[in-house]
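Coordinates from structure_33.txt are shown below (compact mmCIF, C-alpha atoms).
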```txt
# COMPACT_ATOMS: atom_id res chain seq x y z
CA MET A 1 -4.76 18.08 -16.20
CA LEU A 2 -3.74 20.16 -13.17
CA SER A 3 -7.16 21.82 -12.99
CA SER A 4 -8.71 18.45 -12.11
CA TYR A 5 -6.48 18.17 -9.09
CA ARG A 6 -6.91 21.82 -8.07
CA GLN A 7 -10.67 21.30 -7.85
CA ILE A 8 -10.45 18.61 -5.20
CA PHE A 9 -8.41 20.89 -2.92
CA ALA A 10 -11.00 23.67 -3.06
CA SER A 11 -12.56 22.45 0.20
CA PRO A 12 -10.90 23.85 3.34
CA GLY A 13 -8.55 21.49 5.16
CA THR A 14 -8.04 19.06 2.29
CA LEU A 15 -4.41 19.96 1.69
CA ALA A 16 -3.64 19.68 5.41
CA PHE A 17 -5.08 16.20 5.93
CA SER A 18 -3.61 14.89 2.68
CA SER A 19 -0.10 16.23 3.36
CA THR A 20 0.00 15.03 6.97
CA GLY A 21 -1.37 11.71 5.76
CA PHE A 22 1.63 11.52 3.43
CA VAL A 23 4.09 11.88 6.31
CA SER A 24 2.30 9.25 8.40
CA ARG A 25 2.23 6.84 5.43
CA LEU A 26 5.96 6.98 4.72
CA PRO A 27 6.72 4.30 7.37
CA ILE A 28 4.68 1.77 5.39
CA SER A 29 7.24 1.92 2.59
CA MET A 30 10.21 2.11 4.97
CA THR A 31 9.69 -0.51 7.67
CA GLY A 32 9.58 -3.73 5.65
CA ILE A 33 12.53 -2.96 3.40
CA GLY A 34 14.30 -1.28 6.32
CA ILE A 35 14.03 -4.46 8.39
CA VAL A 36 15.33 -6.56 5.48
CA THR A 37 18.29 -4.22 4.92
CA MET A 38 19.05 -3.90 8.63
CA LEU A 39 18.94 -7.59 9.48
CA SER A 40 20.70 -8.74 6.31
CA GLN A 41 23.64 -6.63 7.48
CA LEU A 42 23.48 -7.40 11.19
CA ARG A 43 22.49 -11.09 10.99
CA GLY A 44 23.91 -11.99 7.55
CA SER A 45 20.81 -13.82 6.29
CA TYR A 46 18.06 -12.80 3.92
CA GLY A 47 16.02 -15.74 5.21
CA VAL A 48 15.80 -14.37 8.76
CA ALA A 49 15.36 -10.81 7.48
CA GLY A 50 12.51 -11.85 5.20
CA LEU A 51 10.78 -13.81 7.96
CA VAL A 52 10.89 -10.90 10.41
CA SER A 53 9.52 -8.59 7.73
CA ALA A 54 6.85 -11.20 7.01
CA CYS A 55 5.98 -11.34 10.71
CA LEU A 56 5.34 -7.60 10.65
CA ALA A 57 3.14 -7.97 7.57
CA ILE A 58 1.12 -10.83 9.09
CA SER A 59 0.64 -8.91 12.32
CA ALA A 60 -0.54 -5.86 10.36
CA ALA A 61 -2.92 -8.11 8.44
CA VAL A 62 -4.45 -9.40 11.68
CA LEU A 63 -4.45 -6.23 13.77
CA GLY A 64 -4.79 -3.49 11.14
CA PRO A 65 -8.45 -4.14 10.25
CA GLN A 66 -9.35 -4.30 13.93
CA VAL A 67 -7.76 -0.89 14.50
CA SER A 68 -9.68 0.49 11.51
CA ARG A 69 -12.90 -1.07 12.77
CA LEU A 70 -12.39 0.82 16.03
CA VAL A 71 -11.81 3.97 13.98
CA ASP A 72 -15.18 3.51 12.24
CA ARG A 73 -16.88 3.05 15.61
CA HIS A 74 -15.13 5.70 17.73
CA GLY A 75 -13.53 8.18 15.32
CA GLN A 76 -10.07 8.61 13.84
CA ARG A 77 -8.46 10.84 16.46
CA ARG A 78 -9.42 8.71 19.46
CA ILE A 79 -7.86 5.54 18.04
CA ILE A 80 -4.85 6.41 15.89
CA VAL A 81 -2.80 8.23 18.55
CA PRO A 82 -2.74 5.27 21.01
CA ALA A 83 -2.10 2.88 18.11
CA MET A 84 0.83 5.02 17.00
CA ALA A 85 2.27 5.06 20.51
CA ILE A 86 2.20 1.26 20.75
CA THR A 87 3.88 1.01 17.36
CA VAL A 88 6.66 3.40 18.34
CA VAL A 89 7.36 1.35 21.49
CA ALA A 90 7.57 -1.81 19.36
CA VAL A 91 9.92 -0.11 16.86
CA THR A 92 12.18 0.92 19.73
CA GLY A 93 12.26 -2.64 21.07
CA LEU A 94 13.07 -4.08 17.64
CA LEU A 95 15.96 -1.68 17.12
CA LEU A 96 17.43 -2.39 20.54
CA CYS A 97 17.20 -6.16 20.04
CA ALA A 98 18.83 -5.90 16.62
CA ARG A 99 21.68 -3.73 17.93
CA LEU A 100 22.27 -5.77 21.11
CA GLU A 101 22.24 -9.10 19.20
CA ALA A 102 19.30 -10.43 21.17
CA PRO A 103 17.91 -13.86 20.23
CA ASP A 104 16.01 -14.02 16.95
CA TRP A 105 12.69 -14.67 18.67
CA THR A 106 12.77 -11.21 20.24
CA LEU A 107 12.83 -9.66 16.77
CA PHE A 108 9.60 -11.45 15.90
CA VAL A 109 7.91 -10.31 19.13
CA PHE A 110 8.55 -6.63 18.48
CA ALA A 111 7.84 -6.94 14.75
CA ALA A 112 4.45 -8.38 15.68
CA GLY A 113 3.84 -5.43 17.99
CA MET A 114 4.38 -3.05 15.10
CA GLY A 115 1.28 -4.52 13.44
CA VAL A 116 -1.00 -2.00 15.20
CA MET A 117 0.40 0.77 12.99
CA PRO A 118 -2.68 2.81 11.96
CA SER A 119 -3.72 2.73 8.30
CA THR A 120 -3.77 6.46 7.66
CA GLY A 121 -4.03 5.86 3.92
CA ALA A 122 -7.49 4.38 4.45
CA MET A 123 -8.42 7.25 6.76
CA VAL A 124 -7.33 9.87 4.24
CA ARG A 125 -9.50 8.19 1.61
CA ALA A 126 -12.38 8.04 4.09
CA ARG A 127 -12.11 11.83 4.44
CA TRP A 128 -12.19 12.27 0.67
CA ALA A 129 -15.22 9.95 0.47
CA HIS A 130 -17.00 11.99 3.15
CA LEU A 131 -16.38 15.19 1.16
CA TYR A 132 -17.13 13.95 -2.37
CA ARG A 133 -19.37 10.91 -1.99
CA GLU A 134 -22.00 12.59 -4.18
CA ASP A 135 -19.47 13.75 -6.78
CA THR A 136 -17.87 10.58 -8.09
CA GLY A 137 -15.84 12.48 -10.68
CA LYS A 138 -13.98 14.39 -7.96
CA LEU A 139 -13.79 11.27 -5.81
CA HIS A 140 -12.09 9.40 -8.67
CA THR A 141 -9.57 12.24 -8.98
CA ALA A 142 -9.02 12.29 -5.21
CA TYR A 143 -8.41 8.54 -5.09
CA SER A 144 -6.02 8.90 -8.02
CA PHE A 145 -4.15 11.66 -6.22
CA GLU A 146 -3.81 9.52 -3.09
CA ALA A 147 -2.53 6.63 -5.20
CA VAL A 148 0.13 8.98 -6.53
CA VAL A 149 0.94 9.98 -2.94
CA ASP A 150 1.30 6.30 -2.10
CA GLU A 151 3.76 5.87 -4.93
CA VAL A 152 5.72 8.96 -3.90
CA CYS A 153 5.97 7.28 -0.49
CA PHE A 154 7.36 4.20 -2.19
CA ILE A 155 9.82 6.31 -4.15
CA VAL A 156 11.08 8.35 -1.21
CA GLY A 157 10.70 5.74 1.55
CA PRO A 158 12.97 2.95 0.24
CA ILE A 159 15.62 5.46 -0.85
CA LEU A 160 15.70 6.92 2.67
CA SER A 161 15.46 3.56 4.42
CA ILE A 162 18.05 1.67 2.36
CA GLY A 163 20.28 4.68 1.84
CA LEU A 164 20.50 5.48 5.55
CA ALA A 165 20.87 1.83 6.56
CA THR A 166 23.76 1.26 4.15
CA SER A 167 25.55 4.60 4.59
CA VAL A 168 24.93 5.67 8.20
CA PHE A 169 24.11 2.66 10.39
CA PRO A 170 21.91 -0.43 9.79
CA GLU A 171 19.05 0.66 12.07
CA ALA A 172 18.79 4.19 10.65
CA GLY A 173 16.02 3.47 8.14
CA VAL A 174 13.65 1.83 10.63
CA LEU A 175 14.43 4.53 13.19
CA LEU A 176 13.47 7.31 10.79
CA ALA A 177 10.27 5.42 9.94
CA GLY A 178 9.28 5.50 13.60
CA ILE A 179 9.92 9.24 13.76
CA PHE A 180 7.83 9.88 10.65
CA LEU A 181 5.00 7.80 12.11
CA ALA A 182 4.91 9.68 15.40
CA VAL A 183 5.08 13.14 13.82
CA GLY A 184 2.73 12.34 10.94
CA VAL A 185 0.00 10.75 13.07
CA LEU A 186 0.02 13.59 15.61
CA LEU A 187 -0.31 16.17 12.83
CA PHE A 188 -3.00 14.17 11.02
CA ALA A 189 -5.02 13.66 14.20
CA GLY A 190 -4.91 17.42 14.73
CA GLN A 191 -6.94 18.02 11.54
CA ARG A 192 -10.27 17.75 13.35
CA SER A 193 -12.38 19.89 11.01
CA THR A 194 -12.20 17.33 8.18
CA GLU A 195 -12.54 14.19 10.30
CA PRO A 196 -15.58 12.19 9.14
CA PRO A 197 -18.35 12.01 11.76
CA ILE A 198 -19.07 8.65 13.30
CA HIS A 199 -21.85 7.04 11.27
CA PRO A 200 -24.76 5.98 13.52
CA ALA A 201 -24.68 2.50 12.00
CA ALA A 202 -21.02 2.07 12.87
CA ARG A 203 -21.74 1.44 16.57
CA GLN A 204 -24.63 -0.89 15.76
CA GLU A 205 -22.83 -2.97 13.12
CA GLY A 206 -22.33 -6.48 14.48
CA GLY A 207 -20.45 -8.30 11.72
CA SER A 208 -17.23 -7.52 9.99
CA VAL A 209 -17.26 -6.17 6.45
CA ILE A 210 -15.04 -9.13 5.54
CA LEU A 211 -18.29 -11.04 4.95
CA ASN A 212 -18.89 -8.97 1.80
CA ARG A 213 -18.37 -11.38 -1.11
CA GLY A 214 -17.10 -8.74 -3.51
CA LEU A 215 -14.59 -7.47 -0.96
CA GLN A 216 -13.37 -11.04 -0.47
CA VAL A 217 -12.39 -11.15 -4.14
CA LEU A 218 -10.35 -7.96 -3.81
CA ILE A 219 -8.62 -9.26 -0.69
CA VAL A 220 -7.66 -12.61 -2.20
CA THR A 221 -6.41 -10.93 -5.37
CA PHE A 222 -4.44 -8.42 -3.33
CA VAL A 223 -2.73 -11.24 -1.44
CA ALA A 224 -1.17 -12.23 -4.75
CA THR A 225 -0.47 -8.59 -5.63
CA GLY A 226 1.21 -8.06 -2.27
CA ALA A 227 3.36 -11.13 -2.91
CA ILE A 228 4.60 -9.37 -6.05
CA PHE A 229 5.50 -6.26 -4.03
CA GLY A 230 7.19 -8.12 -1.18
CA SER A 231 9.18 -10.50 -3.35
CA VAL A 232 10.35 -7.84 -5.81
CA GLU A 233 11.67 -5.71 -2.95
CA VAL A 234 13.64 -8.54 -1.34
CA VAL A 235 14.96 -9.96 -4.61
CA THR A 236 15.96 -6.56 -5.98
CA VAL A 237 18.01 -5.77 -2.87
CA ALA A 238 19.68 -9.18 -3.15
CA PHE A 239 20.22 -8.82 -6.91
CA ALA A 240 21.85 -5.41 -6.47
CA GLU A 241 24.10 -6.83 -3.74
CA ALA A 242 25.08 -9.74 -5.99
CA GLN A 243 26.14 -7.21 -8.63
CA GLY A 244 28.22 -5.35 -6.04
CA HIS A 245 25.96 -2.29 -5.76
CA LYS A 246 23.50 -2.93 -2.92
CA SER A 247 22.79 0.75 -2.26
CA ILE A 248 21.51 1.18 -5.84
CA SER A 249 18.58 -1.13 -5.04
CA SER A 250 16.73 1.84 -3.53
CA VAL A 251 16.98 3.74 -6.82
CA ILE A 252 15.83 0.70 -8.80
CA LEU A 253 12.80 0.24 -6.56
CA ALA A 254 12.10 3.96 -6.87
CA LEU A 255 11.86 3.52 -10.66
CA TRP A 256 9.16 0.91 -10.10
CA ALA A 257 7.22 3.35 -7.93
CA LEU A 258 7.88 6.16 -10.42
CA GLY A 259 6.21 4.20 -13.22
CA SER A 260 3.17 3.73 -10.99
CA CYS A 261 3.22 7.39 -9.92
CA LEU A 262 3.18 8.69 -13.50
CA ALA A 263 0.43 6.27 -14.47
CA GLY A 264 -1.64 7.39 -11.50
CA VAL A 265 -1.32 11.08 -12.42
CA VAL A 266 -2.60 10.38 -15.93
CA PHE A 267 -5.27 7.92 -14.79
CA GLY A 268 -6.82 10.50 -12.48
CA THR A 269 -7.64 12.76 -15.44
CA LEU A 270 -9.04 10.12 -17.80
CA LYS A 271 -12.63 9.82 -18.96
CA LEU A 272 -13.34 6.21 -18.04
CA THR A 273 -15.94 3.88 -19.49
CA GLY A 274 -16.84 0.26 -18.95
CA SER A 275 -17.07 -1.88 -15.85
CA MET A 276 -14.80 -1.24 -12.89
CA ALA A 277 -14.67 -4.99 -12.31
CA VAL A 278 -13.27 -5.64 -15.79
CA ARG A 279 -10.87 -2.70 -15.40
CA PHE A 280 -9.57 -4.27 -12.19
CA LEU A 281 -9.01 -7.61 -13.91
CA GLY A 282 -7.10 -5.87 -16.70
CA GLY A 283 -4.79 -4.16 -14.22
CA VAL A 284 -4.01 -7.42 -12.42
CA LEU A 285 -3.30 -9.12 -15.76
CA PHE A 286 -0.89 -6.33 -16.79
CA MET A 287 0.98 -6.66 -13.48
CA ALA A 288 1.46 -10.39 -14.01
CA VAL A 289 2.64 -10.06 -17.62
CA SER A 290 5.07 -7.28 -16.67
CA MET A 291 7.02 -9.69 -14.46
CA VAL A 292 8.17 -11.72 -17.49
CA PRO A 293 10.67 -9.14 -18.87
CA LEU A 294 12.00 -8.62 -15.33
CA LEU A 295 12.79 -12.31 -14.97
CA LEU A 296 14.39 -12.49 -18.41
CA VAL A 297 16.74 -9.52 -18.01
CA ALA A 298 17.81 -10.61 -14.52
CA HIS A 299 19.04 -13.91 -15.96
CA ALA A 300 20.49 -12.51 -19.17
CA VAL A 301 22.36 -9.36 -18.08
CA HIS A 302 24.82 -8.96 -15.20
CA GLY A 303 26.86 -6.23 -13.57
CA ILE A 304 25.80 -2.60 -13.76
CA GLY A 305 24.08 -3.35 -17.07
CA GLY A 306 21.88 -5.88 -15.32
CA LEU A 307 20.85 -3.30 -12.75
CA VAL A 308 19.97 -0.81 -15.49
CA ALA A 309 17.92 -3.46 -17.31
CA VAL A 310 16.08 -4.48 -14.14
CA GLY A 311 15.36 -0.81 -13.39
CA ALA A 312 13.93 -0.30 -16.88
CA ALA A 313 11.77 -3.42 -16.58
CA LEU A 314 10.43 -2.27 -13.22
CA LEU A 315 9.68 1.23 -14.53
CA ILE A 316 7.41 -0.31 -17.17
CA ALA A 317 5.94 -2.80 -14.72
CA GLY A 318 4.96 0.03 -12.40
CA ILE A 319 2.49 1.42 -14.94
CA ALA A 320 -0.12 -1.14 -13.86
CA ILE A 321 0.05 -0.51 -10.13
CA SER A 322 -1.70 2.82 -9.48
CA PRO A 323 -4.60 2.30 -11.91
CA THR A 324 -5.27 -1.10 -10.36
CA LEU A 325 -5.16 0.21 -6.80
CA ILE A 326 -7.28 3.25 -7.66
CA THR A 327 -9.90 1.01 -9.22
CA ALA A 328 -9.83 -1.28 -6.19
CA MET A 329 -10.45 1.64 -3.80
CA ALA A 330 -13.36 2.78 -5.96
CA LEU A 331 -14.75 -0.76 -5.85
CA VAL A 332 -14.49 -0.84 -2.06
CA GLU A 333 -16.31 2.49 -1.79
CA ARG A 334 -19.16 1.04 -3.86
CA LEU A 335 -19.25 -2.44 -2.32
CA VAL A 336 -19.23 -1.71 1.43
CA PRO A 337 -21.48 0.45 3.63
CA ALA A 338 -20.31 3.98 4.40
CA SER A 339 -20.27 3.11 8.11
CA GLN A 340 -17.55 0.50 7.49
CA LEU A 341 -15.51 2.24 4.79
CA THR A 342 -12.27 2.57 6.77
CA GLU A 343 -12.39 -1.10 7.74
CA GLY A 344 -13.19 -2.10 4.16
CA MET A 345 -10.27 -0.17 2.74
CA THR A 346 -7.96 -1.53 5.40
CA TRP A 347 -8.94 -5.10 4.50
CA THR A 348 -7.62 -4.53 0.99
CA THR A 349 -4.30 -3.34 2.40
CA THR A 350 -4.46 -6.35 4.71
CA GLY A 351 -4.57 -8.57 1.65
CA LEU A 352 -1.52 -6.73 0.36
CA ALA A 353 0.22 -7.16 3.73
CA LEU A 354 -0.45 -10.90 3.78
CA GLY A 355 0.91 -11.14 0.27
CA VAL A 356 3.99 -9.14 1.22
CA ALA A 357 4.54 -11.59 4.09
CA VAL A 358 4.35 -14.60 1.78
CA GLY A 359 6.27 -12.95 -1.04
CA SER A 360 9.13 -11.57 1.05
CA SER A 361 9.54 -14.84 2.94
CA ALA A 362 9.43 -16.99 -0.20
CA ALA A 363 11.79 -14.67 -2.03
CA GLY A 364 14.26 -14.70 0.86
CA TRP A 365 14.42 -18.48 0.87
CA VAL A 366 14.71 -18.73 -2.91
CA VAL A 367 17.51 -16.16 -2.94
CA ASP A 368 19.40 -18.01 -0.20
CA ALA A 369 18.91 -21.36 -1.96
CA SER A 370 19.26 -20.53 -5.67
CA GLY A 371 20.58 -16.99 -6.06
CA ALA A 372 19.10 -13.54 -6.61
CA ALA A 373 18.11 -13.89 -10.28
CA ALA A 374 16.08 -17.03 -9.53
CA GLY A 375 14.15 -15.05 -6.94
CA TYR A 376 12.27 -13.22 -9.70
CA TRP A 377 10.29 -16.41 -10.35
CA VAL A 378 8.40 -15.64 -7.13
CA PRO A 379 6.68 -12.39 -8.31
CA LEU A 380 5.85 -14.01 -11.66
CA ALA A 381 4.14 -16.93 -9.95
CA ALA A 382 2.32 -14.52 -7.62
CA GLY A 383 1.12 -12.45 -10.58
CA LEU A 384 -0.35 -15.52 -12.27
CA LEU A 385 -2.20 -16.48 -9.09
CA GLY A 386 -3.58 -12.95 -8.93
CA VAL A 387 -4.99 -13.24 -12.44
CA VAL A 388 -6.67 -16.53 -11.54
CA ALA A 389 -8.22 -15.00 -8.40
CA ALA A 390 -9.47 -11.87 -10.19
CA LEU A 391 -10.88 -13.85 -13.09
CA ALA A 392 -12.62 -16.34 -10.82
CA GLY A 393 -14.14 -13.51 -8.77
CA LEU A 394 -15.24 -11.32 -11.67
CA GLY A 395 -18.84 -12.47 -11.32
CA ARG A 396 -18.89 -11.62 -7.62
CA LEU A 397 -17.60 -8.12 -8.28
CA ARG A 398 -20.20 -7.51 -10.97
CA ALA A 399 -22.95 -8.82 -8.71
CA GLY A 400 -21.79 -6.61 -5.86
CA LEU A 401 -21.79 -3.53 -8.08
CA ALA A 402 -25.22 -4.39 -9.39
CA ALA A 403 -26.54 -4.81 -5.84
CA ALA A 404 -25.38 -1.29 -4.92
CA PRO A 405 -28.33 0.85 -6.05
CA GLY A 406 -27.33 2.56 -9.28
CA ALA A 407 -23.65 2.32 -8.35
CA GLU A 408 -22.13 1.26 -11.66
CA THR A 409 -24.43 3.52 -13.64
CA ALA A 410 -23.69 6.49 -11.39
CA VAL A 411 -19.96 5.99 -11.66
CA ARG A 412 -20.05 5.83 -15.43
CA GLY A 413 -22.25 8.90 -15.67
CA ALA A 414 -20.05 10.89 -13.34
CA GLU A 415 -16.88 9.80 -15.11
CA ARG A 416 -18.30 11.04 -18.42
CA THR A 417 -18.69 14.49 -16.90
CA VAL A 418 -15.14 14.79 -15.57
CA ASP A 419 -13.77 16.51 -18.67
CA ALA A 420 -16.75 18.85 -18.85
CA GLU A 421 -16.25 19.90 -15.22
CA ARG A 422 -12.66 20.81 -15.95
```
Any chance you could put this one into structure tokens?
Amino acid sequence: MLSSYRQIFASPGTLAFSSTGFVSRLPISMTGIGIVTMLSQLRGSYGVAGLVSACLAISAAVLGPQVSRLVDRHGQRRIIVPAMAITVVAVTGLLLCARLEAPDWTLFVFAAGMGVMPSTGAMVRARWAHLYREDTGKLHTAYSFEAVVDEVCFIVGPILSIGLATSVFPEAGVLLAGIFLAVGVLLFAGQRSTEPPIHPAARQEGGSVILNRGLQVLIVTFVATGAIFGSVEVVTVAFAEAQGHKSISSVILALWALGSCLAGVVFGTLKLTGSMAVRFLGGVLFMAVSMVPLLLVAHAVHGIGGLVAVGAALLIAGIAISPTLITAMALVERLVPASQLTEGMTWTTTGLALGVAVGSSAAGWVVDASGAAAGYWVPLAAGLLGVVAALAGLGRLRAGLAAAPGAETAVRGAERTVDAER
């Protein structure tokens, strides 16, 4: 198993850009939950906290793809450093407004400004694609590794963000996220030897990659998937608080990410067959079904036992996450032109961000109105909508793969050779 991952780091500079990409991605897992934890303590309302977090997600959904489009046209280093600087200024403003009890509208202004945070996860994957575009076996392993890195971020990030906010001071989690962003982006931008060259077509491309019909399916489905992520985070924090152990929510959410992390490690070494489109649908279906046990145990068990049961349910539910996201990234790489790959990958995370906005906001209102356990109806409903979207768009995904010359056949052939190459 480990030999598969060692092979992808044989190229010089790969470890450096992947590790610095990890640091710069940590804020993604820290800011949303950090804002919820911070404002729920300082303002005493999950509704306001969820809306501010949703504002950040919506802003990222609008501005993130535009930043990535500029990256495709002008190069990573020239764009991500200014974008990071703007984000850090917005983080500083948000923290000051929260501490000084400024009017609520100021929180939304600075949260919106944080939406220009660069999508270094997409840029890391663009570097892997540049290195291994002709070796889809290694590219599958590289995408799997980055999915694991994402999940490690979502294990470590919430623990740091919630833990610091509840034990040191409420703003500590968001503050640390800003520090990680500044340091991580500067280090990542310094890895110039592995930066993908600007594709000649990137400057000539007039339309956005959002017009790709297959990509539209992924985005719509990921809106529902993001609603699962956003609502589970908010509801789990509220559920843990209702049981008298709010700080444990970070550990519970880490179990969810751990399940995904372990699944991603295994998935990266598998010999895969069949259509990627069908595989994607299967992953979305598993995510939806896995919300049922979570809802049941939250209503049936209370106290510390309820927290243990919710943690166990989330650990199992996490198994579907990484394989689904890995498959989605592989689909994007096949569906969109190489000159627009960063933008294409960012659009999928934009779908997630929009979903997080809807999910966190809806969950916050449900929790305030009906209690924490009732909030778990939100991710279940979101999961079912995701299944409907993926099933309805299955034909578009298949058509998009068929339109890419030899794409599906090449992927299958390369995947069959993965074990042999090890």
Option closest in space to Gly303 of chain A, from A:Leu63, A:Ala242, A:Ile252, A:Ala288 [counting only C-alpha atoms]
A:Ala242
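Using all atoms listed in the file, the set of residues no farther than 8 Å from the position (-16.0, 6.4, -4.2) comprises Ala129, Tyr132, Arg133, Thr136, Leu139, His140, Tyr143, Met329, Ala330, Leu331, Val332, Glu333 and Arg334 of chain A.
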Segment 93-95 of chain A: which residues within 9 Å, counting all atoms listed in the file, same-chain residues fewer than 4 positions away excluded, as a list in words?
Val88, Val89, Arg99, Leu100, Thr106, Leu107, Phe108, Val109, Phe110, Ala111, Glu171, Val174 and Leu175 of chain A
Contact residues around segment 13-18 of chain A with all atoms listed in the file at 10 Å, ignoring same-chain residues under 6 positions, as a PyMOL selection string:
chain A and resi 24+120-121+123-125+127-128+131+142+145-146+149+187-195
Output file for the selection above: C-alpha atoms, as an mmCIF file, in the coordinates of the input:
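What follows is the written file out00.cif:
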```cif
data_model
loop_
_atom_site.group_PDB
_atom_site.id
_atom_site.type_symbol
_atom_site.label_atom_id
_atom_site.label_comp_id
_atom_site.auth_asym_id
_atom_site.auth_seq_id
_atom_site.Cartn_x
_atom_site.Cartn_y
_atom_site.Cartn_z
ATOM 1 C CA SER A 24 2.300 9.250 8.400
ATOM 2 C CA THR A 120 -3.770 6.460 7.660
ATOM 3 C CA GLY A 121 -4.030 5.860 3.920
ATOM 4 C CA MET A 123 -8.420 7.250 6.760
ATOM 5 C CA VAL A 124 -7.330 9.870 4.240
ATOM 6 C CA ARG A 125 -9.500 8.190 1.610
ATOM 7 C CA ARG A 127 -12.110 11.830 4.440
ATOM 8 C CA TRP A 128 -12.190 12.270 0.670
ATOM 9 C CA LEU A 131 -16.380 15.190 1.160
ATOM 10 C CA ALA A 142 -9.020 12.290 -5.210
ATOM 11 C CA PHE A 145 -4.150 11.660 -6.220
ATOM 12 C CA GLU A 146 -3.810 9.520 -3.090
ATOM 13 C CA VAL A 149 0.940 9.980 -2.940
ATOM 14 C CA LEU A 187 -0.310 16.170 12.830
ATOM 15 C CA PHE A 188 -3.000 14.170 11.020
ATOM 16 C CA ALA A 189 -5.020 13.660 14.200
ATOM 17 C CA GLY A 190 -4.910 17.420 14.730
ATOM 18 C CA GLN A 191 -6.940 18.020 11.540
ATOM 19 C CA ARG A 192 -10.270 17.750 13.350
ATOM 20 C CA SER A 193 -12.380 19.890 11.010
ATOM 21 C CA THR A 194 -12.200 17.330 8.180
ATOM 22 C CA GLU A 195 -12.540 14.190 10.300
#
```
Pick out the closest residue to Cys97 of chain A from this set: A:Asp135, A:Gly184, A:Gly259, A:Leu39. Count all atoms listed in the file.
A:Leu39
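Candidate residues A:Val148, A:Ala227, A:Leu307, A:Val185 were compared for distance to Ala263 of chain A, and the nearest is A:Val148, using only C-alpha atoms.
Residue nearest Leu218 of chain A, chosen from A:Tyr5, A:Phe239, A:Phe286, A:Trp347 and counting only C-alpha atoms: A:Trp347.
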Residue with smallest distance to Arg279 of chain A - pool A:Leu391, A:Ile198, A:Leu294, A:Ala49, counting only C-alpha atoms
A:Leu391
Starting from the incomplete input, reconstruct N, CA, C and O atoms of segment 30-40 of chain A and report them as a tab-separated table (two decimals), keeping the file's coordinate frame.
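Contents of the output file out25.tsv:
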```
chain	number	residue	atom	x	y	z
A	30	MET	N	8.86	2.12	4.39
A	30	MET	CA	10.21	2.11	4.97
A	30	MET	C	10.47	0.94	5.89
A	30	MET	O	11.60	0.45	5.99
A	31	THR	N	9.45	0.47	6.61
A	31	THR	CA	9.69	-0.51	7.67
A	31	THR	C	10.07	-1.88	7.13
A	31	THR	O	11.05	-2.48	7.58
A	32	GLY	N	9.29	-2.40	6.17
A	32	GLY	CA	9.58	-3.73	5.65
A	32	GLY	C	10.95	-3.83	5.02
A	32	GLY	O	11.77	-4.68	5.38
A	33	ILE	N	11.23	-2.94	4.07
A	33	ILE	CA	12.53	-2.96	3.40
A	33	ILE	C	13.63	-2.54	4.35
A	33	ILE	O	14.78	-2.99	4.24
A	34	GLY	N	13.32	-1.68	5.32
A	34	GLY	CA	14.30	-1.28	6.32
A	34	GLY	C	14.71	-2.44	7.20
A	34	GLY	O	15.90	-2.60	7.54
A	35	ILE	N	13.72	-3.27	7.58
A	35	ILE	CA	14.03	-4.46	8.39
A	35	ILE	C	14.89	-5.44	7.60
A	35	ILE	O	15.86	-6.00	8.12
A	36	VAL	N	14.55	-5.65	6.33
A	36	VAL	CA	15.33	-6.56	5.48
A	36	VAL	C	16.77	-6.06	5.36
A	36	VAL	O	17.73	-6.84	5.52
A	37	THR	N	16.94	-4.78	5.08
A	37	THR	CA	18.29	-4.22	4.92
A	37	THR	C	19.05	-4.27	6.23
A	37	THR	O	20.24	-4.64	6.26
A	38	MET	N	18.40	-3.91	7.32
A	38	MET	CA	19.05	-3.90	8.63
A	38	MET	C	19.51	-5.29	9.04
A	38	MET	O	20.68	-5.49	9.41
A	39	LEU	N	18.61	-6.26	8.99
A	39	LEU	CA	18.94	-7.59	9.48
A	39	LEU	C	19.86	-8.35	8.53
A	39	LEU	O	20.63	-9.21	8.97
A	40	SER	N	19.77	-8.08	7.23
A	40	SER	CA	20.70	-8.74	6.31
A	40	SER	C	22.13	-8.31	6.59
A	40	SER	O	23.08	-9.07	6.36
```
